[in-house]
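Structure first, then comments.
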Amino acid sequence: MFKRALSLPVGEHFFFLFGPRQTGKTTLVEESIANRRAFKVNLLETDTLVKYSRDPSLFRREVLFWLKQAETGIVFIDEVQRLPALLNEVQVLMEKVKERTTFVLTGSSARKLKRESVNLLGGRAWSFALHPLTHQEMADAFDMGDALRYGSLPPVVGVPTQDRVRTLRSYSNTYLKQEVMDEALVRNMPAFGRFLELAADQSGMPVNYTNMASETGVRSKTIREYYQVIEDTLLAFALPPYLKSARKRLTMHPIFYLFDLGVTNALCGRLEAEVVAGTEMFGRLFEQFIVLELRRLMNYRERDWGMFYWRTAHGAEVDLVLDAGSRLLAVEIKSGTTVRPQELKNLRNFIADYPGSEGVCVCRADHPHETGGVRCLPWRAFFAELSAW
């Protein structure tokens, strides 16, 4: 249904494609290799996983035999994290047949690969990420109310409401917990399930490890480990604080964002509640939408910019700081259609503290304007402007 923003170098270079389940990795690869000769391995198939688990070298022998039938081809391994041992075989093949084939490897988790210190092909394979749909990919199908409530996983866009709810509930109640159980990432599943609910409820807010530990009945160290789990399984990412001292940055808590608003709301039990403009919840979800959207678009355009938040010891906070190397941009996110000058006090304080920085307010106004000496941009205009950086 949708043309994805990510262009893959199929047939040109070896690469990994990472992303949470149901973001469309397999579909995108299948479309990219259509009409090409391909050797496909789907490790979600139990019999395929068992076969290669017993003898990983069988994969290499099969590919070499397959290549005897033709000069070139593409080898596609789906969900490679389920059998990291295959990467050793891939590296051997890369040396033997690099002029005749390229490899496409997808994965929905980096946890197992990191944990087992497996062969990541010596850095010779490029790495890409696929996210839920952006507003640009959805084009005319995009609706802000739907995006804030149901998110933008491809299976929930443009389908009846009840189907969206069922899909998201299944995803949050079955897949997320099953993924963790399959990889034996945690031992206390009831505590981890409670953690997932709290992490979703606090998505976009500074983490209080002590409070979360108290509510889940585990140590704060375990909460930190749980957050590492959902980062490694691509279900969340951390926004670190922005400070002049990198050393001090390590002493402050990050803000975690779950990867999709629909999954976030499903874990919190909020799917039945309409998201009403002007409410606190609308504001929180709109802020998360902007941060998630920015991360996706930056990733697709391969912008290596730092993303941070800024908060002083006195509680003054700026939602987002973008460090593009030659430019430093502070972003305040407001969900209203009008913005009052006093709402931008923290943004002006940041600009004063960091000479040469820029500031902008992203909001739902109809047209760009200036308030209290700060540019206020409609959210679409903001993304269009960043595209030109």
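Residue names in the structure tokens use chain letters A, B, ... in the order shown, residue numbers from 1 in each chain, and ligand numbers from 1 in the order shown.
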Which residues in stretch 41-188 of chain A does DSSP call alpha helix (DSSP H)? List them as JSON, numbers by chain. {"A": [46, 47, 48, 49, 50, 51, 52, 53, 54, 57, 58, 59, 60, 61, 62, 63, 64, 65, 66, 67, 86, 87, 88, 89, 90, 91, 92, 93, 94, 95, 96, 97, 111, 112, 113, 114, 115, 135, 136, 137, 138, 144, 145, 146, 147, 148, 149, 150, 161, 162, 163, 164, 165, 166, 167, 168, 169, 170, 176, 177, 178, 179, 180, 181, 182]}
I want to know what sits within 12 Å of A:Ala277, based on only C-alpha atoms, with residues of the same chain fewer than 5 positions away left out; could you give that as a VMD selection string? chain A and resid 144 to 145 148 to 149 282 to 286 334 to 337 364
Let's have the selection written as a PDB file, in the first residue's frame, with C-alpha atoms.
ATOM      1  CA  MET A 144      -3.236  12.757  13.333  1.00  0.00           C
ATOM      2  CA  GLY A 145      -5.947  11.406  15.639  1.00  0.00           C
ATOM      3  CA  LEU A 148      -1.722   9.301  18.195  1.00  0.00           C
ATOM      4  CA  ARG A 149      -4.140   6.563  19.178  1.00  0.00           C
ATOM      5  CA  PHE A 282      -3.048  14.576  23.695  1.00  0.00           C
ATOM      6  CA  GLY A 283      -0.078  16.808  24.493  1.00  0.00           C
ATOM      7  CA  ARG A 284       2.051  13.898  25.695  1.00  0.00           C
ATOM      8  CA  LEU A 285       1.244  11.765  22.665  1.00  0.00           C
ATOM      9  CA  PHE A 286       1.824  14.649  20.241  1.00  0.00           C
ATOM     10  CA  LYS A 334       3.441  22.237  21.900  1.00  0.00           C
ATOM     11  CA  SER A 335       0.273  20.453  20.875  1.00  0.00           C
ATOM     12  CA  GLY A 336      -1.872  23.578  20.724  1.00  0.00           C
ATOM     13  CA  THR A 337      -2.722  25.712  17.713  1.00  0.00           C
ATOM     14  CA  ARG A 364      -0.248  22.605  15.347  1.00  0.00           C
TER      15      ARG A 364
END
Please compute the atom CA of A:Arg124-atom CA of A:His13 distance, one decimal, in Å.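 Taking atom CA of A:Arg124 and atom CA of A:His13, their separation equals 8.9 Å.
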Excluding A:Met94 and its own-chain neighbours fewer than 3 positions away, which residues fall within 12 Å of it when counting only C-alpha atoms? Please give them as JSON, numbers by chain. {"A": [13, 14, 15, 60, 63, 64, 74, 75, 87, 88, 89, 90, 91, 97, 98, 99, 100, 101, 102, 103, 104, 121, 122, 124, 125]}
Please identify all polymer residues within 9 Å of A:Ile351, counting only C-alpha atoms, omitting same-chain residues fewer than 6 positions from it, and present them as a count of residues only. 5
So which residues touch A:Asp319 within 7 Å, counting only C-alpha atoms, skipping near sequence neighbours fewer than 2 positions away, as a compact mmCIF listing (two decimals) with N, CA and C atoms, in the first residue's frame?
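Just written: selection.txt:
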# COMPACT_ATOMS: atom_id res chain seq x y z
N TYR A 309 17.58 15.54 25.18
CA TYR A 309 16.67 16.49 25.83
C TYR A 309 17.50 17.31 26.80
N TRP A 310 16.97 18.42 27.26
CA TRP A 310 17.72 19.32 28.15
C TRP A 310 16.89 19.59 29.39
N GLU A 317 13.08 22.59 31.34
CA GLU A 317 13.29 21.51 30.37
C GLU A 317 12.94 21.95 28.96
N VAL A 331 14.36 22.40 20.45
CA VAL A 331 12.99 22.28 19.96
C VAL A 331 12.03 22.13 21.14
N GLU A 332 11.07 23.02 21.21
CA GLU A 332 9.98 22.90 22.17
C GLU A 332 8.75 22.43 21.42
N ILE A 333 8.07 21.41 21.94
CA ILE A 333 6.92 20.82 21.24
C ILE A 333 5.65 21.17 22.00
Considering only C-alpha atoms, can you say which of A:Met1, A:Leu83, A:Leu198, A:Leu105 comes closest to A:Ala141? A:Met1
